[in-house]
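Read the structure below first, then the notes.
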2 protein chains.
Amino acid sequence: MSEARTKPVALRAAPRADRESAVASDDKLELKVWLRLLTCANLIEGQVRNLLRENFATTLPRFDLLAQLDRAPDGLTMGELSSRLMVTNGNVTALADALVREGLVLREAHPSDRRSLCLRLSAEGKRVFDAMTPAHEEWIDQMMGELSRDELARLLDLLGKLKRAARRNERVS
Amino acid sequence: MSEARTKPVALRAAPRADRESAVASDDKLELKVWLRLLTCANLIEGQVRNLLRENFATTLPRFDLLAQLDRAPDGLTMGELSSRLMVTNGNVTALADALVREGLVLREAHPSDRRSLCLRLSAEGKRVFDAMTPAHEEWIDQMMGELSRDELARLLDLLGKLKRAARRNERVS
DNA sequence: GTAGACTATTTTAGACTTGAAATAATTGAG
DNA sequence: CTCAATTATTTCAAGTCTAAAATAGTCTAC
């Protein structure tokens, strides 16, 4: 995709082992699914983070916030951002502060609710985000390249079931 | 499992929306799988974190580190821990420091390599971890309760494929 | 044996994230 | 209207995590 400009030093031990490594084969299926899910998420997230840093000198949380604003041309409140990014309000405050300071995001008063703020991509923010999107999508495609369309569809379906189950559980726990 | 002793204040907006919310239905399948995977991981991780705090006054990274040591009765080096937890060496240093200070983990010299340290659960650490394990497993079971054995097995299989694909991609990117 | 490459760990600065408390605006029951 | 409950956001302290540089021990090819 892009010849790595500066060879990054190996910071992490070679990933031969992970959380699953020592789970006996007769262990609970549920636990194994959870650990493997976590491994996959960490693995992909780590690569995306590295690629964002190497290619665009930015971080994943910033990219995620820009992505949400890009998909909401009418802007989002802090609360909506917090909900979509699944992080705390305080976290969004800090993240948005930085992006506003860098000129990528505009912070406006909410038209009808004076408690709320409305965040929106600036022209510069839109430009910067549009430059990153195709590369990001290509990275994800490549990481999943070995799964067929059918397998991807089945995975999406099963993860949907899991998501609904976990959400339902959320309310009671 | 345990009547929530102090009702925690709602810190996060109600999770009606998440990263997937605004992905058009004709968007790339790969991207949708990735976003949904991330949503599932965040959802489960968040609940486990809350439950660990409410029931055992501890955190997920600490629990994870103890879990790895519990599965390795002969102890692990810092590097092995870093690799299994998929975090940087520096992170493990800080985390292990805290657990050693709290008396849950022992830090010994490595028998043959003086560069390495060997971490191991203390008797107290073992006791504490053993008290948490059954609850933790039950939480995970409950969150996945709505998936059949077949669905779980299929999910495990597909995630295994994804994991291998992502690992392969890691080496070249 | 010794220089140079490699490996294991720590340190540092900075970014991210959380949970809880504080501030401020809105809503609704009377 | 008005006060209490609710909702939106910020602030704060502490913990987590990263990337890069520094420190220290090991190994290998002369």
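Labels used: A, B, ... for chains in the order of the structure tokens, numbers from 1 for residues in each chain, and numbers from 1 for ligands as shown.
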Produce the least-squares-superposed copy of chain B, fitted on chain A over all in-order C-alpha pairs, as a PDB file with C-alpha atoms, in the first residue's frame.
```
ATOM      1  CA  MET B   1       0.124   0.488   0.098  1.00  0.00           C
ATOM      2  CA  SER B   2       3.033   2.765   0.900  1.00  0.00           C
ATOM      3  CA  GLU B   3       6.630   1.833   1.458  1.00  0.00           C
ATOM      4  CA  ALA B   4       7.034   2.150   5.241  1.00  0.00           C
ATOM      5  CA  ARG B   5       9.069   5.313   5.472  1.00  0.00           C
ATOM      6  CA  THR B   6      10.771   4.685   8.762  1.00  0.00           C
ATOM      7  CA  LYS B   7      11.011   1.102   9.876  1.00  0.00           C
ATOM      8  CA  PRO B   8       9.213   1.068  13.232  1.00  0.00           C
ATOM      9  CA  VAL B   9      10.998  -0.650  16.064  1.00  0.00           C
ATOM     10  CA  ALA B  10       9.362  -3.829  17.277  1.00  0.00           C
ATOM     11  CA  LEU B  11       7.524  -2.701  20.397  1.00  0.00           C
ATOM     12  CA  ARG B  12       5.456  -5.765  20.953  1.00  0.00           C
ATOM     13  CA  ALA B  13       6.693  -9.301  21.200  1.00  0.00           C
ATOM     14  CA  ALA B  14       6.035 -11.375  18.103  1.00  0.00           C
ATOM     15  CA  PRO B  15       2.399 -12.441  18.410  1.00  0.00           C
ATOM     16  CA  ARG B  16       2.755 -16.160  18.547  1.00  0.00           C
ATOM     17  CA  ALA B  17       0.705 -16.343  21.734  1.00  0.00           C
ATOM     18  CA  ASP B  18      -2.399 -14.506  22.845  1.00  0.00           C
ATOM     19  CA  ARG B  19      -5.079 -14.730  25.476  1.00  0.00           C
ATOM     20  CA  GLU B  20      -6.360 -18.002  24.078  1.00  0.00           C
ATOM     21  CA  SER B  21      -3.041 -19.747  24.205  1.00  0.00           C
ATOM     22  CA  ALA B  22      -3.534 -21.685  27.378  1.00  0.00           C
ATOM     23  CA  VAL B  23      -7.260 -22.390  27.329  1.00  0.00           C
ATOM     24  CA  ALA B  24      -7.641 -26.126  27.501  1.00  0.00           C
ATOM     25  CA  SER B  25      -9.522 -27.617  24.595  1.00  0.00           C
ATOM     26  CA  ASP B  26     -12.335 -28.787  26.852  1.00  0.00           C
ATOM     27  CA  ASP B  27     -12.907 -25.323  28.307  1.00  0.00           C
ATOM     28  CA  LYS B  28     -16.170 -23.501  27.946  1.00  0.00           C
ATOM     29  CA  LEU B  29     -17.125 -22.648  24.393  1.00  0.00           C
ATOM     30  CA  GLU B  30     -18.483 -19.255  25.434  1.00  0.00           C
ATOM     31  CA  LEU B  31     -15.179 -18.236  26.984  1.00  0.00           C
ATOM     32  CA  LYS B  32     -13.267 -19.325  23.913  1.00  0.00           C
ATOM     33  CA  VAL B  33     -15.527 -17.315  21.638  1.00  0.00           C
ATOM     34  CA  TRP B  34     -15.078 -14.252  23.826  1.00  0.00           C
ATOM     35  CA  LEU B  35     -11.296 -14.551  23.943  1.00  0.00           C
ATOM     36  CA  ARG B  36     -11.028 -15.106  20.230  1.00  0.00           C
ATOM     37  CA  LEU B  37     -13.340 -12.195  19.528  1.00  0.00           C
ATOM     38  CA  LEU B  38     -11.109 -10.017  21.684  1.00  0.00           C
ATOM     39  CA  THR B  39      -8.007 -11.265  19.913  1.00  0.00           C
ATOM     40  CA  CYS B  40      -9.483 -10.443  16.507  1.00  0.00           C
ATOM     41  CA  ALA B  41     -10.548  -6.987  17.628  1.00  0.00           C
ATOM     42  CA  ASN B  42      -7.131  -6.219  19.139  1.00  0.00           C
ATOM     43  CA  LEU B  43      -5.340  -7.555  16.101  1.00  0.00           C
ATOM     44  CA  ILE B  44      -7.293  -5.488  13.601  1.00  0.00           C
ATOM     45  CA  GLU B  45      -7.385  -2.427  15.824  1.00  0.00           C
ATOM     46  CA  GLY B  46      -3.632  -2.539  16.310  1.00  0.00           C
ATOM     47  CA  GLN B  47      -2.980  -2.701  12.587  1.00  0.00           C
ATOM     48  CA  VAL B  48      -5.395   0.101  11.797  1.00  0.00           C
ATOM     49  CA  ARG B  49      -3.775   2.216  14.502  1.00  0.00           C
ATOM     50  CA  ASN B  50      -0.295   1.590  13.073  1.00  0.00           C
ATOM     51  CA  LEU B  51      -1.419   2.301   9.538  1.00  0.00           C
ATOM     52  CA  LEU B  52      -3.159   5.525  10.552  1.00  0.00           C
ATOM     53  CA  ARG B  53      -0.042   6.706  12.327  1.00  0.00           C
ATOM     54  CA  GLU B  54       2.365   5.735   9.540  1.00  0.00           C
ATOM     55  CA  ASN B  55       0.254   6.973   6.646  1.00  0.00           C
ATOM     56  CA  PHE B  56      -1.702   9.884   8.084  1.00  0.00           C
ATOM     57  CA  ALA B  57      -0.008  10.781  11.369  1.00  0.00           C
ATOM     58  CA  THR B  58      -3.244  10.455  13.288  1.00  0.00           C
ATOM     59  CA  THR B  59      -4.816   8.157  15.852  1.00  0.00           C
ATOM     60  CA  LEU B  60      -7.741   5.745  15.838  1.00  0.00           C
ATOM     61  CA  PRO B  61      -9.963   7.655  18.303  1.00  0.00           C
ATOM     62  CA  ARG B  62      -9.584  10.804  16.223  1.00  0.00           C
ATOM     63  CA  PHE B  63     -10.341   8.938  13.019  1.00  0.00           C
ATOM     64  CA  ASP B  64     -13.397   7.343  14.632  1.00  0.00           C
ATOM     65  CA  LEU B  65     -14.730  10.686  15.764  1.00  0.00           C
ATOM     66  CA  LEU B  66     -14.241  12.215  12.319  1.00  0.00           C
ATOM     67  CA  ALA B  67     -15.926   9.186  10.754  1.00  0.00           C
ATOM     68  CA  GLN B  68     -19.022   9.641  12.885  1.00  0.00           C
ATOM     69  CA  LEU B  69     -19.231  13.337  12.023  1.00  0.00           C
ATOM     70  CA  ASP B  70     -18.716  12.584   8.345  1.00  0.00           C
ATOM     71  CA  ARG B  71     -21.721  10.303   8.401  1.00  0.00           C
ATOM     72  CA  ALA B  72     -23.853  12.943  10.098  1.00  0.00           C
ATOM     73  CA  PRO B  73     -23.789  15.993   7.848  1.00  0.00           C
ATOM     74  CA  ASP B  74     -26.234  17.773  10.154  1.00  0.00           C
ATOM     75  CA  GLY B  75     -23.865  17.377  13.068  1.00  0.00           C
ATOM     76  CA  LEU B  76     -24.016  15.427  16.304  1.00  0.00           C
ATOM     77  CA  THR B  77     -24.251  16.379  19.951  1.00  0.00           C
ATOM     78  CA  MET B  78     -21.608  15.324  22.433  1.00  0.00           C
ATOM     79  CA  GLY B  79     -24.011  12.764  23.823  1.00  0.00           C
ATOM     80  CA  GLU B  80     -24.705  11.206  20.433  1.00  0.00           C
ATOM     81  CA  LEU B  81     -20.989  10.984  19.783  1.00  0.00           C
ATOM     82  CA  SER B  82     -20.394   9.416  23.178  1.00  0.00           C
ATOM     83  CA  SER B  83     -23.069   6.855  22.462  1.00  0.00           C
ATOM     84  CA  ARG B  84     -21.886   5.997  18.953  1.00  0.00           C
ATOM     85  CA  LEU B  85     -18.240   5.762  19.887  1.00  0.00           C
ATOM     86  CA  MET B  86     -19.177   3.855  23.043  1.00  0.00           C
ATOM     87  CA  VAL B  87     -16.938   5.957  25.250  1.00  0.00           C
ATOM     88  CA  THR B  88     -17.685   8.251  28.171  1.00  0.00           C
ATOM     89  CA  ASN B  89     -18.779  11.846  27.789  1.00  0.00           C
ATOM     90  CA  GLY B  90     -15.587  13.122  29.348  1.00  0.00           C
ATOM     91  CA  ASN B  91     -13.561  11.265  26.793  1.00  0.00           C
ATOM     92  CA  VAL B  92     -15.448  12.856  23.920  1.00  0.00           C
ATOM     93  CA  THR B  93     -14.940  16.265  25.496  1.00  0.00           C
ATOM     94  CA  ALA B  94     -11.160  15.842  25.476  1.00  0.00           C
ATOM     95  CA  LEU B  95     -11.062  14.297  22.024  1.00  0.00           C
ATOM     96  CA  ALA B  96     -13.310  16.954  20.512  1.00  0.00           C
ATOM     97  CA  ASP B  97     -11.306  19.720  22.209  1.00  0.00           C
ATOM     98  CA  ALA B  98      -8.191  18.508  20.426  1.00  0.00           C
ATOM     99  CA  LEU B  99      -9.898  18.258  17.038  1.00  0.00           C
ATOM    100  CA  VAL B 100     -11.472  21.701  17.408  1.00  0.00           C
ATOM    101  CA  ARG B 101      -8.055  23.096  18.330  1.00  0.00           C
ATOM    102  CA  GLU B 102      -6.619  21.467  15.217  1.00  0.00           C
ATOM    103  CA  GLY B 103      -9.336  23.039  13.077  1.00  0.00           C
ATOM    104  CA  LEU B 104     -10.874  19.782  11.864  1.00  0.00           C
ATOM    105  CA  VAL B 105     -14.138  20.086  13.785  1.00  0.00           C
ATOM    106  CA  LEU B 106     -16.562  22.941  14.407  1.00  0.00           C
ATOM    107  CA  ARG B 107     -18.428  23.331  17.682  1.00  0.00           C
ATOM    108  CA  GLU B 108     -21.698  25.212  17.460  1.00  0.00           C
ATOM    109  CA  ALA B 109     -24.558  25.917  19.806  1.00  0.00           C
ATOM    110  CA  HIS B 110     -27.468  23.522  19.459  1.00  0.00           C
ATOM    111  CA  PRO B 111     -30.385  25.314  17.763  1.00  0.00           C
ATOM    112  CA  SER B 112     -33.070  24.340  20.257  1.00  0.00           C
ATOM    113  CA  ASP B 113     -31.388  23.032  23.420  1.00  0.00           C
ATOM    114  CA  ARG B 114     -28.921  25.349  25.069  1.00  0.00           C
ATOM    115  CA  ARG B 115     -27.458  22.492  27.114  1.00  0.00           C
ATOM    116  CA  SER B 116     -26.262  20.764  23.969  1.00  0.00           C
ATOM    117  CA  LEU B 117     -23.484  21.436  21.542  1.00  0.00           C
ATOM    118  CA  CYS B 118     -23.517  20.486  17.921  1.00  0.00           C
ATOM    119  CA  LEU B 119     -20.286  19.191  16.421  1.00  0.00           C
ATOM    120  CA  ARG B 120     -19.685  19.160  12.715  1.00  0.00           C
ATOM    121  CA  LEU B 121     -16.786  18.538  10.341  1.00  0.00           C
ATOM    122  CA  SER B 122     -15.024  21.692   9.107  1.00  0.00           C
ATOM    123  CA  ALA B 123     -14.137  21.993   5.413  1.00  0.00           C
ATOM    124  CA  GLU B 124     -10.567  21.107   6.368  1.00  0.00           C
ATOM    125  CA  GLY B 125     -11.808  18.198   8.457  1.00  0.00           C
ATOM    126  CA  LYS B 126     -13.858  16.901   5.561  1.00  0.00           C
ATOM    127  CA  ARG B 127     -10.871  17.189   3.249  1.00  0.00           C
ATOM    128  CA  VAL B 128      -8.597  15.357   5.688  1.00  0.00           C
ATOM    129  CA  PHE B 129     -11.136  12.619   6.352  1.00  0.00           C
ATOM    130  CA  ASP B 130     -11.894  12.078   2.672  1.00  0.00           C
ATOM    131  CA  ALA B 131      -8.196  11.539   2.069  1.00  0.00           C
ATOM    132  CA  MET B 132      -8.119   8.743   4.650  1.00  0.00           C
ATOM    133  CA  THR B 133     -11.333   6.867   3.891  1.00  0.00           C
ATOM    134  CA  PRO B 134     -10.306   4.898   0.782  1.00  0.00           C
ATOM    135  CA  ALA B 135      -7.079   3.718   2.405  1.00  0.00           C
ATOM    136  CA  HIS B 136      -8.918   2.718   5.558  1.00  0.00           C
ATOM    137  CA  GLU B 137     -11.467   0.702   3.631  1.00  0.00           C
ATOM    138  CA  GLU B 138      -8.732  -0.990   1.659  1.00  0.00           C
ATOM    139  CA  TRP B 139      -6.897  -1.997   4.845  1.00  0.00           C
ATOM    140  CA  ILE B 140     -10.027  -3.592   6.270  1.00  0.00           C
ATOM    141  CA  ASP B 141     -10.739  -5.376   2.986  1.00  0.00           C
ATOM    142  CA  GLN B 142      -7.235  -6.754   2.979  1.00  0.00           C
ATOM    143  CA  MET B 143      -7.404  -8.009   6.535  1.00  0.00           C
ATOM    144  CA  MET B 144     -10.591  -9.905   5.738  1.00  0.00           C
ATOM    145  CA  GLY B 145      -9.494 -10.863   2.273  1.00  0.00           C
ATOM    146  CA  GLU B 146      -9.371 -14.568   2.966  1.00  0.00           C
ATOM    147  CA  LEU B 147     -13.018 -14.838   3.951  1.00  0.00           C
ATOM    148  CA  SER B 148     -15.589 -15.448   1.243  1.00  0.00           C
ATOM    149  CA  ARG B 149     -18.693 -13.305   0.817  1.00  0.00           C
ATOM    150  CA  ASP B 150     -20.742 -16.084   2.364  1.00  0.00           C
ATOM    151  CA  GLU B 151     -18.463 -16.376   5.346  1.00  0.00           C
ATOM    152  CA  LEU B 152     -18.500 -12.629   5.878  1.00  0.00           C
ATOM    153  CA  ALA B 153     -22.292 -12.570   5.656  1.00  0.00           C
ATOM    154  CA  ARG B 154     -22.591 -15.429   8.137  1.00  0.00           C
ATOM    155  CA  LEU B 155     -20.117 -13.762  10.485  1.00  0.00           C
ATOM    156  CA  LEU B 156     -22.061 -10.510  10.293  1.00  0.00           C
ATOM    157  CA  ASP B 157     -25.234 -12.391  11.109  1.00  0.00           C
ATOM    158  CA  LEU B 158     -23.779 -14.245  14.082  1.00  0.00           C
ATOM    159  CA  LEU B 159     -22.176 -11.086  15.446  1.00  0.00           C
ATOM    160  CA  GLY B 160     -25.558  -9.405  15.106  1.00  0.00           C
ATOM    161  CA  LYS B 161     -27.095 -12.106  17.290  1.00  0.00           C
ATOM    162  CA  LEU B 162     -24.288 -11.715  19.813  1.00  0.00           C
ATOM    163  CA  LYS B 163     -24.696  -7.969  19.810  1.00  0.00           C
ATOM    164  CA  ARG B 164     -28.395  -8.185  20.542  1.00  0.00           C
ATOM    165  CA  ALA B 165     -27.824 -10.748  23.276  1.00  0.00           C
ATOM    166  CA  ALA B 166     -25.144  -8.631  24.930  1.00  0.00           C
ATOM    167  CA  ARG B 167     -27.316  -5.523  24.709  1.00  0.00           C
ATOM    168  CA  ARG B 168     -30.209  -7.328  26.332  1.00  0.00           C
ATOM    169  CA  ASN B 169     -27.940  -8.525  29.095  1.00  0.00           C
ATOM    170  CA  GLU B 170     -26.655  -4.990  29.614  1.00  0.00           C
ATOM    171  CA  ARG B 171     -29.923  -3.753  31.000  1.00  0.00           C
ATOM    172  CA  VAL B 172     -30.138  -6.319  33.777  1.00  0.00           C
ATOM    173  CA  SER B 173     -26.560  -6.740  34.926  1.00  0.00           C
TER     174      SER B 173
END
```
* **Proximal residues of chain C relative to chain B (only C-alpha atoms (C1' of nucleotides); 12 Å) as JSON, numbers by chain** => {"C": [7, 8, 9, 10, 11, 12, 17, 18, 19, 20, 21]}
Would you output that residue set with N, CA and C atoms (P, O5', C5', C4', C3', O3' and C1' of nucleotides), as a CSV table (one decimal), in the first residue's frame?
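Writing the result to part23.csv gives the following:
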```csv
chain,number,residue,atom,x,y,z
C,7,DT,P,16.3,-11.1,18.0
C,7,DT,O5',16.2,-11.1,19.5
C,7,DT,C5',16.8,-12.1,20.3
C,7,DT,C4',16.7,-11.7,21.8
C,7,DT,C3',15.2,-11.4,22.2
C,7,DT,O3',14.9,-12.2,23.3
C,7,DT,C1',16.7,-9.7,22.9
C,8,DA,P,13.5,-12.1,24.0
C,8,DA,O5',13.8,-11.2,25.3
C,8,DA,C5',14.5,-11.7,26.4
C,8,DA,C4',14.4,-10.7,27.5
C,8,DA,C3',13.0,-10.3,27.8
C,8,DA,O3',12.8,-10.5,29.2
C,8,DA,C1',14.3,-8.4,27.5
C,9,DT,P,11.3,-10.1,29.9
C,9,DT,O5',11.5,-8.6,30.3
C,9,DT,C5',12.5,-8.3,31.3
C,9,DT,C4',12.8,-6.9,31.4
C,9,DT,C3',11.6,-6.0,31.8
C,9,DT,O3',11.7,-5.7,33.2
C,9,DT,C1',13.0,-4.9,30.2
C,10,DT,P,10.7,-4.8,33.9
C,10,DT,O5',11.3,-3.3,33.6
C,10,DT,C5',12.6,-3.0,34.0
C,10,DT,C4',13.0,-1.6,33.7
C,10,DT,C3',12.0,-0.6,34.3
C,10,DT,O3',12.8,0.4,34.9
C,10,DT,C1',12.3,-0.2,32.0
C,11,DT,P,12.1,1.6,35.8
C,11,DT,O5',12.1,2.8,34.8
C,11,DT,C5',13.4,3.2,34.2
C,11,DT,C4',13.2,4.3,33.2
C,11,DT,C3',12.2,5.4,33.6
C,11,DT,O3',12.9,6.6,33.5
C,11,DT,C1',11.6,4.6,31.5
C,12,DT,P,12.4,7.9,34.2
C,12,DT,O5',11.6,8.7,33.0
C,12,DT,C5',12.4,9.0,31.8
C,12,DT,C4',11.4,9.4,30.7
C,12,DT,C3',10.3,10.3,31.2
C,12,DT,O3',10.5,11.6,30.6
C,12,DT,C1',9.5,8.6,29.7
C,17,DT,P,-9.8,6.2,23.5
C,17,DT,O5',-10.3,6.1,25.0
C,17,DT,C5',-10.0,4.9,25.8
C,17,DT,C4',-10.4,5.1,27.2
C,17,DT,C3',-11.8,5.6,27.4
C,17,DT,O3',-12.7,4.5,27.6
C,17,DT,C1',-10.2,6.4,29.0
C,18,DT,P,-14.2,4.8,28.0
C,18,DT,O5',-14.1,4.7,29.6
C,18,DT,C5',-13.3,3.7,30.2
C,18,DT,C4',-13.2,3.9,31.7
C,18,DT,C3',-14.5,4.2,32.4
C,18,DT,O3',-14.9,3.2,33.3
C,18,DT,C1',-12.8,5.8,33.0
C,19,DG,P,-16.4,3.1,33.8
C,19,DG,O5',-16.3,4.0,35.1
C,19,DG,C5',-15.5,3.6,36.2
C,19,DG,C4',-15.6,4.6,37.3
C,19,DG,C3',-17.0,4.9,37.8
C,19,DG,O3',-17.0,4.9,39.2
C,19,DG,C1',-16.0,6.9,37.1
C,20,DA,P,-18.3,5.1,40.0
C,20,DA,O5',-18.2,6.6,40.5
C,20,DA,C5',-17.0,7.0,41.2
C,20,DA,C4',-17.0,8.5,41.3
C,20,DA,C3',-18.4,9.1,41.8
C,20,DA,O3',-18.1,9.9,42.9
C,20,DA,C1',-17.5,10.2,39.9
C,21,DA,P,-19.4,10.6,43.7
C,21,DA,O5',-19.1,12.1,43.5
C,21,DA,C5',-17.7,12.6,43.5
C,21,DA,C4',-17.7,14.0,43.0
C,21,DA,C3',-18.8,14.9,43.4
C,21,DA,O3',-18.3,16.2,43.7
C,21,DA,C1',-18.7,14.8,41.1
```
* Test item: chain D residues at most 12 Å from chain B, counting only C-alpha atoms (C1' of nucleotides), as a ChimeraX atom specification -> /D:6-9,15-20,23-27
* as a PyMOL selection string, list the residues of chain A assigned to strand (DSSP E) by DSSP on the backbone atoms of this structure. => chain A and resi 105-109+117-121
* **DSSP helix (DSSP H, G or I) residues within chain B, listed as JSON, numbers by chain** => {"B": [19, 20, 21, 22, 29, 30, 31, 32, 33, 34, 35, 36, 37, 38, 39, 40, 41, 42, 43, 44, 45, 46, 47, 48, 49, 50, 51, 52, 53, 54, 55, 56, 60, 61, 62, 63, 64, 65, 66, 67, 68, 69, 70, 78, 79, 80, 81, 82, 83, 84, 85, 89, 90, 91, 92, 93, 94, 95, 96, 97, 98, 99, 100, 101, 123, 124, 125, 126, 127, 128, 129, 130, 131, 132, 133, 134, 135, 136, 137, 138, 139, 140, 141, 142, 143, 149, 150, 151, 152, 153, 154, 155, 156, 157, 158, 159, 160, 161, 162, 163, 164, 165, 166, 167, 168, 169, 170, 171, 172]}
Those same residues, written as a short mmCIF file (atom, residue, chain, number, x, y, z; two decimals), in the first residue's frame with C-alpha atoms?
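Final output, result_27.cif:
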```cif
data_model
loop_
_atom_site.label_atom_id
_atom_site.label_comp_id
_atom_site.auth_asym_id
_atom_site.auth_seq_id
_atom_site.Cartn_x
_atom_site.Cartn_y
_atom_site.Cartn_z
CA ARG B 19 -20.45 2.94 15.18
CA GLU B 20 -22.58 1.00 12.74
CA SER B 21 -25.55 3.27 12.99
CA ALA B 22 -25.00 5.29 9.88
CA LEU B 29 -19.42 -5.99 3.86
CA GLU B 30 -15.89 -6.07 5.27
CA LEU B 31 -16.32 -2.70 6.95
CA LYS B 32 -19.63 -3.74 8.45
CA VAL B 33 -18.14 -6.91 9.87
CA TRP B 34 -15.29 -4.94 11.40
CA LEU B 35 -17.57 -2.34 12.97
CA ARG B 36 -19.91 -4.94 14.35
CA LEU B 37 -17.02 -6.96 15.72
CA LEU B 38 -15.78 -3.84 17.47
CA THR B 39 -19.23 -3.12 18.84
CA CYS B 40 -19.52 -6.63 20.27
CA ALA B 41 -16.08 -6.45 21.83
CA ASN B 42 -16.76 -3.04 23.40
CA LEU B 43 -20.15 -4.14 24.63
CA ILE B 44 -18.90 -7.27 26.35
CA GLU B 45 -15.73 -5.63 27.60
CA GLY B 46 -17.68 -2.77 29.13
CA GLN B 47 -19.99 -5.12 31.00
CA VAL B 48 -17.15 -7.28 32.27
CA ARG B 49 -15.34 -4.15 33.43
CA ASN B 50 -18.42 -2.91 35.30
CA LEU B 51 -19.05 -6.29 36.87
CA LEU B 52 -15.43 -6.65 37.98
CA ARG B 53 -15.54 -3.23 39.59
CA GLU B 54 -18.91 -3.73 41.29
CA ASN B 55 -18.32 -7.27 42.48
CA PHE B 56 -14.58 -7.46 43.06
CA LEU B 60 -10.10 -5.75 33.54
CA PRO B 61 -6.37 -5.36 32.77
CA ARG B 62 -5.52 -6.61 36.25
CA PHE B 63 -7.90 -9.53 35.92
CA ASP B 64 -6.44 -10.38 32.51
CA LEU B 65 -2.91 -10.38 33.86
CA LEU B 66 -3.87 -12.60 36.79
CA ALA B 67 -5.69 -14.94 34.40
CA GLN B 68 -2.59 -15.40 32.27
CA LEU B 69 -0.45 -16.13 35.32
CA ASP B 70 -3.04 -18.54 36.66
CA MET B 78 7.33 -9.91 30.98
CA GLY B 79 7.67 -10.51 27.26
CA GLU B 80 5.36 -13.52 27.28
CA LEU B 81 2.80 -11.54 29.22
CA SER B 82 3.09 -8.63 26.81
CA SER B 83 2.55 -10.98 23.91
CA ARG B 84 -0.41 -12.82 25.42
CA LEU B 85 -2.17 -9.70 26.61
CA ASN B 89 6.05 -4.08 27.35
CA GLY B 90 5.86 -0.77 29.17
CA ASN B 91 2.23 -1.36 29.91
CA VAL B 92 2.94 -4.74 31.47
CA THR B 93 5.68 -3.18 33.56
CA ALA B 94 3.26 -0.68 35.10
CA LEU B 95 0.48 -3.22 35.54
CA ALA B 96 2.77 -5.80 37.11
CA ASP B 97 4.31 -3.16 39.40
CA ALA B 98 0.87 -2.44 40.81
CA LEU B 99 0.00 -6.11 41.31
CA VAL B 100 3.36 -6.83 42.95
CA ARG B 101 2.80 -3.85 45.25
CA ALA B 123 -0.83 -17.56 47.26
CA GLU B 124 -2.97 -14.48 47.91
CA GLY B 125 -3.17 -13.79 44.19
CA LYS B 126 -4.29 -17.33 43.51
CA ARG B 127 -6.93 -17.07 46.23
CA VAL B 128 -8.23 -13.76 44.87
CA PHE B 129 -8.28 -14.99 41.28
CA ASP B 130 -10.02 -18.25 42.16
CA ALA B 131 -12.76 -16.25 43.83
CA MET B 132 -13.39 -14.31 40.62
CA THR B 133 -13.19 -17.04 37.98
CA PRO B 134 -16.61 -18.70 38.41
CA ALA B 135 -18.41 -15.36 38.37
CA HIS B 136 -16.49 -14.25 35.31
CA GLU B 137 -17.33 -17.41 33.42
CA GLU B 138 -20.97 -17.08 34.37
CA TRP B 139 -21.11 -13.50 33.09
CA ILE B 140 -19.70 -14.54 29.72
CA ASP B 141 -22.09 -17.49 29.52
CA GLN B 142 -24.99 -15.18 30.20
CA MET B 143 -23.98 -12.66 27.58
CA ARG B 149 -23.92 -24.51 20.67
CA ASP B 150 -23.84 -24.76 16.90
CA GLU B 151 -23.86 -21.02 16.45
CA LEU B 152 -21.09 -20.59 19.00
CA ALA B 153 -19.02 -23.28 17.29
CA ARG B 154 -19.53 -21.67 13.89
CA LEU B 155 -18.67 -18.24 15.30
CA LEU B 156 -15.51 -19.64 16.87
CA ASP B 157 -14.56 -21.16 13.54
CA LEU B 158 -15.15 -18.00 11.53
CA LEU B 159 -13.29 -15.87 14.07
CA GLY B 160 -10.43 -18.35 13.83
CA LYS B 161 -10.28 -17.78 10.08
CA LEU B 162 -10.37 -14.03 10.61
CA LYS B 163 -7.66 -14.25 13.21
CA ARG B 164 -5.35 -16.16 10.92
CA ALA B 165 -6.03 -13.78 8.05
CA ALA B 166 -5.33 -10.73 10.20
CA ARG B 167 -2.15 -12.30 11.57
CA ARG B 168 -0.92 -13.04 8.07
CA ASN B 169 -1.63 -9.48 7.05
CA GLU B 170 0.24 -8.19 10.09
CA ARG B 171 3.58 -9.31 8.79
CA VAL B 172 3.37 -7.42 5.52
#
```
* Which value, in Å to one decimal, gives the distance between atom C1' of DA13 of chain C and atom C1' of DC12 of chain D? -> 20.4 Å
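Around DA5 of chain D, within 12 Å and counting only C-alpha atoms (C1' of nucleotides), the residues found are DT26, DT27, DG28 and DA29 of chain C, once anything fewer than 6 positions away on its own chain is removed.
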* Asked: How many Å separate atom C1' of DT23 of chain C from atom C1' of DT2 of chain D?
  ->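 Interatomic distance, atom C1' of DT23 of chain C to atom C1' of DT2 of chain D: 20.4 Å.
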